[in-house]
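> Questions regarding the structure given below will be posed in turn.
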Amino acid sequence: MKIVILVGDGMGDYPLKELRDKTPLQVAAIPNIRRISAAGTVHLVQSVPDGMFPGSDVANLSLMGFDPRLCYTGRAPIEAAGAGIPMTAADVAFRCNLITVQNELIADHSAGHISTEEARPMIEELERKLGRDGLHFFTGTGYRHLVIWANGPCALTTTPPHDVLDQPVSRHLPQGERREELLRLMDASRSLLADHPVNRRRRQAGKSEATQIWLWGQGRRTALAGFRELYGLSGGVISAVDLVRGIGRLAGLEAVLVPGATGFVDTNYAGKVEATLKILQQHDFAFVHVEAPDECGHSGQRDMKIKAIEAFDREIVGPVWRALETAGRPYRLLICTDHRTPVAVRNHTAEAVPLAVLNGPVGAVTRETAFDEFVDGGRVFKTAFEWIQECIQRRRNL
Ligand SMILES: [Zn+2]
């Protein structure tokens, strides 16, 4: 049996006055998802365990059937896995943002969405001046980079810079063991980057400068059991996001980066579908992640979020479902979202999310049923990881 999980990131939301007290999922035209829900089953599942932060890392671990309470060690080690950077048991990974500080406020967590080409020489300069045996800087994409630190400090509280925009730097500095070592690195980056040629060019062009690094999301190596050992399955993860590909790699799955996959509404949908079908020709499992609805939630763009959800239904869910039906072999198709990113909140929230499961082939379906935040009268069915585990085990009857 082929098992396919299709994830629209951050699709969940709250009722909005401007939508006559409906949510984006309720007003969006998503005929494929509603037919899958009608022909199969749809429930609300808890993707973020109580007390955990509703990050995409935690929620997507759940959607791959892992209990985040047992395996989550931090965001950065998962991203390191996604970038193919090996870690030893002694290493601590830190996310290293290039950020803009103005008047001692965190003005921009992305240094004006600095490009990878501009960021690379800056990260290389930091590696030359601050790198040493056991402490190295790695260039990632855009403003997102990594530091791998052997025997580095780990028992610290650090803050994602995108959560504290326009707030004083001094209020959100790392707290905990060996914090002064982190502060020294962050401080040193200020003087090293101040007159960097890339910053000079950005200044002249009127763009935000990368005034310093911000270290956060630290953790030790993440260990996940492999899908082959757990379920006898091989397969792949298709995503534009390092974090999601990282979880896939850690689970022993292929991590596919589709050319033109941007993580936004202009992503290469057809390329993602093609990559999914290619994985399914050789393997039995595919996990497809589409980032765009989440981005629209963060930017508070209601109409764009509805469009992103509709594009997920039309460009990903529809074509993948048709291909599974056409192949005529048994399949199990799951449609879900990792967490809510309400446009009114502009950040993630931890409430339960809908998850639909269909065992096919089923032939033509014309009936539709709701796929939204209120299925089952809003009652939570199970934790997401428990339900996903049951779905991935290839028992014919759920
Ligand atoms: Zn997410």
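The way I read the labels, and the way they are meant: chains A, B, ... in the order of the structure tokens, residue 1 as the first residue of every chain, and ligand 1 as the first ligand shown, with later ones counted on from there.
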Using only C-alpha atoms and all ligand atoms, find each residue with an atom at most 10 Å away from ligand 1 and format the answer as a VMD selection string.
chain A and resid 7 to 11 54 to 60 241 243 to 244 289 to 295 337 to 341 347 to 348
> Could you give me, as a tab-separated table (two decimals) with N, CA, C and O atoms, in the first residue's frame, the residues within 9 Å of segment 141-146 of chain A, counting only C-alpha atoms and dropping anything in the same chain fewer than 5 positions from it?

```tsv
chain	number	residue	atom	x	y	z
A	76	ALA	N	17.58	23.86	15.89
A	76	ALA	CA	18.81	23.91	15.10
A	76	ALA	C	19.36	22.54	14.70
A	76	ALA	O	19.80	22.36	13.57
A	79	GLU	N	17.58	21.38	11.67
A	79	GLU	CA	17.99	22.12	10.48
A	79	GLU	C	19.38	21.67	10.01
A	79	GLU	O	19.64	21.61	8.81
A	80	ALA	N	20.26	21.36	10.97
A	80	ALA	CA	21.59	20.87	10.60
A	80	ALA	C	21.46	19.56	9.81
A	80	ALA	O	22.13	19.36	8.79
A	93	ALA	N	24.06	22.48	18.27
A	93	ALA	CA	23.79	23.31	17.10
A	93	ALA	C	23.01	24.53	17.53
A	93	ALA	O	22.11	24.44	18.38
A	94	PHE	N	23.36	25.68	16.97
A	94	PHE	CA	22.61	26.93	17.17
A	94	PHE	C	22.13	27.43	15.83
A	94	PHE	O	22.87	27.41	14.86
A	95	ARG	N	20.90	27.91	15.78
A	95	ARG	CA	20.48	28.71	14.64
A	95	ARG	C	21.16	30.06	14.75
A	95	ARG	O	21.22	30.65	15.84
A	96	CYS	N	21.72	30.54	13.65
A	96	CYS	CA	22.47	31.80	13.61
A	96	CYS	C	21.82	32.71	12.57
A	96	CYS	O	22.08	32.58	11.39
A	97	ASN	N	20.92	33.58	13.04
A	97	ASN	CA	20.29	34.54	12.11
A	97	ASN	C	21.20	35.73	11.86
A	97	ASN	O	21.90	36.17	12.77
A	98	LEU	N	21.16	36.26	10.66
A	98	LEU	CA	21.68	37.61	10.42
A	98	LEU	C	20.50	38.55	10.65
A	98	LEU	O	19.45	38.40	10.02
A	99	ILE	N	20.65	39.49	11.60
A	99	ILE	CA	19.52	40.35	11.95
A	99	ILE	C	19.92	41.83	11.85
A	99	ILE	O	21.10	42.16	11.75
A	109	HIS	N	14.34	40.43	11.88
A	109	HIS	CA	14.93	39.11	12.18
A	109	HIS	C	15.62	38.52	10.95
A	109	HIS	O	16.25	37.47	11.04
A	110	SER	N	15.46	39.18	9.78
A	110	SER	CA	15.95	38.60	8.53
A	110	SER	C	16.95	39.50	7.81
A	110	SER	O	17.34	39.21	6.68
A	111	ALA	N	17.37	40.60	8.48
A	111	ALA	CA	18.25	41.58	7.83
A	111	ALA	C	17.72	41.93	6.44
A	111	ALA	O	18.43	41.85	5.43
A	112	GLY	N	16.45	42.30	6.39
A	112	GLY	CA	15.85	42.69	5.11
A	112	GLY	C	15.81	41.55	4.11
A	112	GLY	O	16.02	41.76	2.92
A	113	HIS	N	15.53	40.34	4.59
A	113	HIS	CA	15.53	39.14	3.74
A	113	HIS	C	16.77	39.10	2.86
A	113	HIS	O	16.70	38.92	1.64
A	114	ILE	N	17.91	39.23	3.52
A	114	ILE	CA	19.20	39.22	2.84
A	114	ILE	C	19.33	37.92	2.02
A	114	ILE	O	18.85	36.86	2.44
A	115	SER	N	19.96	38.03	0.85
A	115	SER	CA	20.07	36.85	-0.02
A	115	SER	C	21.22	35.96	0.44
A	115	SER	O	22.13	36.40	1.16
A	116	THR	N	21.18	34.70	0.01
A	116	THR	CA	22.25	33.77	0.35
A	116	THR	C	23.59	34.27	-0.20
A	116	THR	O	24.61	34.17	0.48
A	117	GLU	N	23.56	34.83	-1.40
A	117	GLU	CA	24.81	35.30	-2.04
A	117	GLU	C	25.45	36.42	-1.20
A	117	GLU	O	26.67	36.49	-1.09
A	118	GLU	N	24.61	37.29	-0.63
A	118	GLU	CA	25.16	38.36	0.21
A	118	GLU	C	25.58	37.84	1.58
A	118	GLU	O	26.54	38.30	2.17
A	119	ALA	N	24.82	36.86	2.07
A	119	ALA	CA	25.11	36.35	3.42
A	119	ALA	C	26.40	35.53	3.45
A	119	ALA	O	27.15	35.58	4.43
A	120	ARG	N	26.67	34.79	2.36
A	120	ARG	CA	27.79	33.85	2.38
A	120	ARG	C	29.11	34.50	2.79
A	120	ARG	O	29.77	34.00	3.72
A	123	ILE	N	29.15	35.23	6.55
A	123	ILE	CA	29.29	34.04	7.40
A	123	ILE	C	30.73	33.51	7.30
A	123	ILE	O	31.33	33.08	8.29
A	136	HIS	N	32.14	26.17	14.59
A	136	HIS	CA	32.16	26.54	13.18
A	136	HIS	C	30.83	27.14	12.73
A	136	HIS	O	29.76	26.76	13.21
A	210	ALA	N	22.80	43.76	7.82
A	210	ALA	CA	22.96	42.67	8.77
A	210	ALA	C	23.91	43.17	9.84
A	210	ALA	O	25.12	43.09	9.68
A	215	LEU	N	21.90	34.18	18.07
A	215	LEU	CA	21.98	32.73	18.27
A	215	LEU	C	20.79	32.24	19.09
A	215	LEU	O	20.46	32.82	20.12
```
> Could you please write out, as an MDAnalysis selection string, every residue of segment 191-220 of chain A that DSSP assigns to helix (DSSP H, G or I)?
chainID A and resid 191:194 197:204
> Write the selection just made, keeping C-alpha atoms, as an mmCIF file, in the first residue's frame?

```cif
data_model
loop_
_atom_site.group_PDB
_atom_site.id
_atom_site.type_symbol
_atom_site.label_atom_id
_atom_site.label_comp_id
_atom_site.auth_asym_id
_atom_site.auth_seq_id
_atom_site.Cartn_x
_atom_site.Cartn_y
_atom_site.Cartn_z
ATOM 1 C CA SER A 191 32.133 45.009 14.957
ATOM 2 C CA LEU A 192 33.064 42.436 12.283
ATOM 3 C CA LEU A 193 29.959 43.152 10.203
ATOM 4 C CA ALA A 194 29.722 46.908 10.810
ATOM 5 C CA PRO A 197 31.453 45.475 2.014
ATOM 6 C CA VAL A 198 28.040 43.769 1.728
ATOM 7 C CA ASN A 199 26.627 46.054 4.419
ATOM 8 C CA ARG A 200 28.171 49.103 2.736
ATOM 9 C CA ARG A 201 26.430 48.173 -0.507
ATOM 10 C CA ARG A 202 23.133 47.543 1.284
ATOM 11 C CA ARG A 203 23.435 50.886 3.091
ATOM 12 C CA GLN A 204 23.930 52.690 -0.230
#
```
> Nearest to Arg322 of chain A among A:Pro15, A:Gly363, A:Pro342, A:Gly84, with distances taken over only C-alpha atoms: which residue is it?
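Of A:Pro15, A:Gly363, A:Pro342, A:Gly84, the one nearest Arg322 of chain A, counting only C-alpha atoms, is A:Gly363.
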> Find the residues around Ala155 of chain A up to 9 Å (only C-alpha atoms counted), leave out those fewer than 3 positions away in its own chain, and share them as a PyMOL selection string.
chain A and resi 175-178+218-219
> Extract, using only C-alpha atoms, all DNA, RNA and protein residues at most 7 Å from Val256 of chain A, discarding same-chain residues fewer than 2 positions from it, and format them as a short mmCIF file (atom, residue, chain, number, x, y, z; two decimals) with C-alpha atoms, in the first residue's frame.

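And here is the file that came out, selection_25.cif:
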```
data_model
loop_
_atom_site.label_atom_id
_atom_site.label_comp_id
_atom_site.auth_asym_id
_atom_site.auth_seq_id
_atom_site.Cartn_x
_atom_site.Cartn_y
_atom_site.Cartn_z
CA GLY A 236 10.82 10.61 0.66
CA VAL A 237 10.00 14.05 2.01
CA ILE A 238 9.31 16.85 -0.45
CA SER A 239 9.64 20.34 1.06
CA GLU A 254 15.04 10.78 1.01
CA VAL A 258 12.47 20.54 -5.97
#
```
> Wanna dump the segment 291-397 of chain A-segment 269-286 of chain A contacts at 12 Å for me, each residue with its shortest atom pair and the distance in Å to one decimal, counting only C-alpha atoms, ordered by chain and number, as a Markdown table?

```
| residue | atom | partner | partner_atom | distance |
| --- | --- | --- | --- | --- |
| A:Glu291 | CA | A:Tyr269 | CA | 11.3 |
| A:Ala292 | CA | A:Tyr269 | CA | 11.0 |
| A:Ala308 | CA | A:Tyr269 | CA | 11.4 |
| A:Ala311 | CA | A:Tyr269 | CA | 8.6 |
| A:Phe312 | CA | A:Tyr269 | CA | 8.3 |
| A:Asp313 | CA | A:Tyr269 | CA | 10.8 |
| A:Arg314 | CA | A:Tyr269 | CA | 9.6 |
| A:Glu315 | CA | A:Tyr269 | CA | 6.0 |
| A:Ile316 | CA | A:Val273 | CA | 6.2 |
| A:Val317 | CA | A:Val273 | CA | 8.9 |
| A:Gly318 | CA | A:Val273 | CA | 9.8 |
| A:Pro319 | CA | A:Val273 | CA | 7.1 |
| A:Val320 | CA | A:Val273 | CA | 6.4 |
| A:Trp321 | CA | A:Val273 | CA | 10.2 |
| A:Arg322 | CA | A:Leu277 | CA | 11.1 |
| A:Ala323 | CA | A:Leu277 | CA | 7.8 |
| A:Leu324 | CA | A:Leu277 | CA | 8.9 |
| A:Thr326 | CA | A:Leu277 | CA | 11.9 |
| A:Ala327 | CA | A:Gln281 | CA | 10.3 |
| A:Arg329 | CA | A:Asp284 | CA | 11.4 |
| A:Pro330 | CA | A:Asp284 | CA | 10.8 |
| A:Tyr331 | CA | A:Asp284 | CA | 9.2 |
| A:Arg332 | CA | A:Phe285 | CA | 9.7 |
| A:Leu333 | CA | A:Ala286 | CA | 9.8 |
| A:Leu334 | CA | A:Ala286 | CA | 10.4 |
| A:Cys391 | CA | A:Phe285 | CA | 11.6 |
| A:Ile392 | CA | A:Phe285 | CA | 8.7 |
| A:Gln393 | CA | A:Phe285 | CA | 11.2 |
| A:Arg394 | CA | A:Asp284 | CA | 10.4 |
```
> Based on the selection just made, write N, CA, C and O atoms of those residues as a short mmCIF file (atom, residue, chain, number, x, y, z; two decimals), in the first residue's frame.

```cif
data_model
loop_
_atom_site.label_atom_id
_atom_site.label_comp_id
_atom_site.auth_asym_id
_atom_site.auth_seq_id
_atom_site.Cartn_x
_atom_site.Cartn_y
_atom_site.Cartn_z
N GLU A 291 4.55 25.23 2.27
CA GLU A 291 4.76 26.24 3.30
C GLU A 291 3.84 27.47 3.20
O GLU A 291 3.58 28.16 4.18
N ALA A 292 3.32 27.73 1.99
CA ALA A 292 2.72 29.05 1.69
C ALA A 292 1.62 29.52 2.65
O ALA A 292 1.62 30.68 3.06
N ALA A 308 -3.79 30.60 -0.93
CA ALA A 308 -2.73 29.60 -0.73
C ALA A 308 -3.33 28.24 -0.39
O ALA A 308 -2.85 27.19 -0.84
N ALA A 311 -4.77 26.87 -3.56
CA ALA A 311 -3.71 26.37 -4.44
C ALA A 311 -3.21 25.01 -3.97
O ALA A 311 -2.94 24.11 -4.79
N PHE A 312 -3.10 24.82 -2.66
CA PHE A 312 -2.71 23.52 -2.11
C PHE A 312 -3.70 22.44 -2.55
O PHE A 312 -3.31 21.36 -3.00
N ASP A 313 -4.99 22.75 -2.46
CA ASP A 313 -6.02 21.79 -2.86
C ASP A 313 -5.96 21.50 -4.36
O ASP A 313 -6.00 20.34 -4.78
N ARG A 314 -5.85 22.55 -5.15
CA ARG A 314 -5.96 22.42 -6.60
C ARG A 314 -4.67 21.86 -7.22
O ARG A 314 -4.72 21.02 -8.11
N GLU A 315 -3.52 22.35 -6.73
CA GLU A 315 -2.25 22.05 -7.41
C GLU A 315 -1.52 20.84 -6.82
O GLU A 315 -0.66 20.26 -7.47
N ILE A 316 -1.82 20.49 -5.56
CA ILE A 316 -1.11 19.37 -4.91
C ILE A 316 -2.09 18.22 -4.64
O ILE A 316 -1.92 17.10 -5.15
N VAL A 317 -3.13 18.50 -3.85
CA VAL A 317 -4.03 17.42 -3.41
C VAL A 317 -4.72 16.79 -4.62
O VAL A 317 -4.72 15.56 -4.77
N GLY A 318 -5.29 17.62 -5.50
CA GLY A 318 -6.01 17.10 -6.66
C GLY A 318 -5.15 16.19 -7.54
O GLY A 318 -5.48 15.02 -7.74
N PRO A 319 -4.02 16.70 -8.04
CA PRO A 319 -3.20 15.88 -8.92
C PRO A 319 -2.65 14.60 -8.26
O PRO A 319 -2.61 13.55 -8.90
N VAL A 320 -2.24 14.70 -6.99
CA VAL A 320 -1.70 13.49 -6.32
C VAL A 320 -2.81 12.46 -6.15
O VAL A 320 -2.62 11.26 -6.41
N TRP A 321 -4.00 12.92 -5.75
CA TRP A 321 -5.13 12.00 -5.55
C TRP A 321 -5.50 11.33 -6.87
O TRP A 321 -5.68 10.11 -6.94
N ARG A 322 -5.59 12.12 -7.95
CA ARG A 322 -5.93 11.54 -9.26
C ARG A 322 -4.91 10.49 -9.67
O ARG A 322 -5.27 9.43 -10.18
N ALA A 323 -3.64 10.78 -9.45
CA ALA A 323 -2.59 9.82 -9.84
C ALA A 323 -2.72 8.53 -9.04
O ALA A 323 -2.55 7.43 -9.59
N LEU A 324 -3.05 8.62 -7.75
CA LEU A 324 -3.22 7.42 -6.93
C LEU A 324 -4.41 6.62 -7.42
O LEU A 324 -4.37 5.38 -7.49
N THR A 326 -5.69 6.66 -10.48
CA THR A 326 -5.40 6.13 -11.81
C THR A 326 -4.52 4.88 -11.72
O THR A 326 -4.70 3.93 -12.47
N ALA A 327 -3.57 4.90 -10.77
CA ALA A 327 -2.68 3.74 -10.62
C ALA A 327 -3.48 2.50 -10.22
O ALA A 327 -3.09 1.37 -10.53
N ARG A 329 -3.91 0.95 -7.48
CA ARG A 329 -3.42 0.08 -6.39
C ARG A 329 -3.88 0.65 -5.05
O ARG A 329 -4.21 1.83 -4.94
N PRO A 330 -3.88 -0.18 -4.00
CA PRO A 330 -4.31 0.31 -2.69
C PRO A 330 -3.44 1.49 -2.22
O PRO A 330 -2.22 1.46 -2.39
N TYR A 331 -4.08 2.48 -1.67
CA TYR A 331 -3.34 3.61 -1.11
C TYR A 331 -4.05 4.13 0.12
O TYR A 331 -5.25 3.88 0.32
N ARG A 332 -3.31 4.85 0.93
CA ARG A 332 -3.87 5.58 2.07
C ARG A 332 -3.38 7.02 1.95
O ARG A 332 -2.18 7.27 1.95
N LEU A 333 -4.32 7.94 1.82
CA LEU A 333 -3.99 9.34 1.61
C LEU A 333 -4.40 10.16 2.83
O LEU A 333 -5.56 10.08 3.27
N LEU A 334 -3.46 10.92 3.38
CA LEU A 334 -3.73 11.76 4.56
C LEU A 334 -3.58 13.23 4.18
O LEU A 334 -2.60 13.60 3.53
N CYS A 391 -1.97 5.16 11.17
CA CYS A 391 -2.21 5.25 9.72
C CYS A 391 -1.02 4.73 8.92
O CYS A 391 -1.19 4.17 7.84
N ILE A 392 0.18 4.93 9.44
CA ILE A 392 1.35 4.51 8.67
C ILE A 392 1.53 2.99 8.73
O ILE A 392 1.98 2.37 7.77
N GLN A 393 1.18 2.42 9.87
CA GLN A 393 1.21 0.95 9.92
C GLN A 393 0.19 0.48 8.91
O GLN A 393 -0.94 0.94 8.89
N ARG A 394 0.59 -0.44 8.04
CA ARG A 394 -0.23 -0.67 6.86
C ARG A 394 -1.37 -1.65 7.09
O ARG A 394 -1.65 -2.50 6.27
#
```
> Between A:Val362, A:Lys17, A:Asp195, A:Asp166, which has the minimum distance to Ala107 of chain A (counting only C-alpha atoms)?
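When distances to Ala107 of chain A are compared using only C-alpha atoms, the smallest one comes from A:Asp166.
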> So which bits of segment 145-272 of chain A end up strand (DSSP E or B) when you DSSP the backbone, as number ranges by chain?
A: 145-150, 156-157, 168, 175-176, 212-220, 235-238, 254-256
> Wanna dump the segment 278-311 of chain A-segment 24-29 of chain A contacts at 9 Å for me, each residue with its shortest atom pair and the distance in Å to one decimal, counting only C-alpha atoms, ordered by chain and number, as JSON lines?

```
{"residue": "A:Arg302", "atom": "CA", "partner": "A:Pro24", "partner_atom": "CA", "distance": 7.5}
{"residue": "A:Asp303", "atom": "CA", "partner": "A:Pro24", "partner_atom": "CA", "distance": 8.3}
{"residue": "A:Lys305", "atom": "CA", "partner": "A:Pro24", "partner_atom": "CA", "distance": 7.2}
{"residue": "A:Ile306", "atom": "CA", "partner": "A:Pro24", "partner_atom": "CA", "distance": 5.4}
{"residue": "A:Lys307", "atom": "CA", "partner": "A:Ala28", "partner_atom": "CA", "distance": 7.4}
{"residue": "A:Ile309", "atom": "CA", "partner": "A:Ala28", "partner_atom": "CA", "distance": 6.8}
{"residue": "A:Glu310", "atom": "CA", "partner": "A:Ala29", "partner_atom": "CA", "distance": 5.8}
```
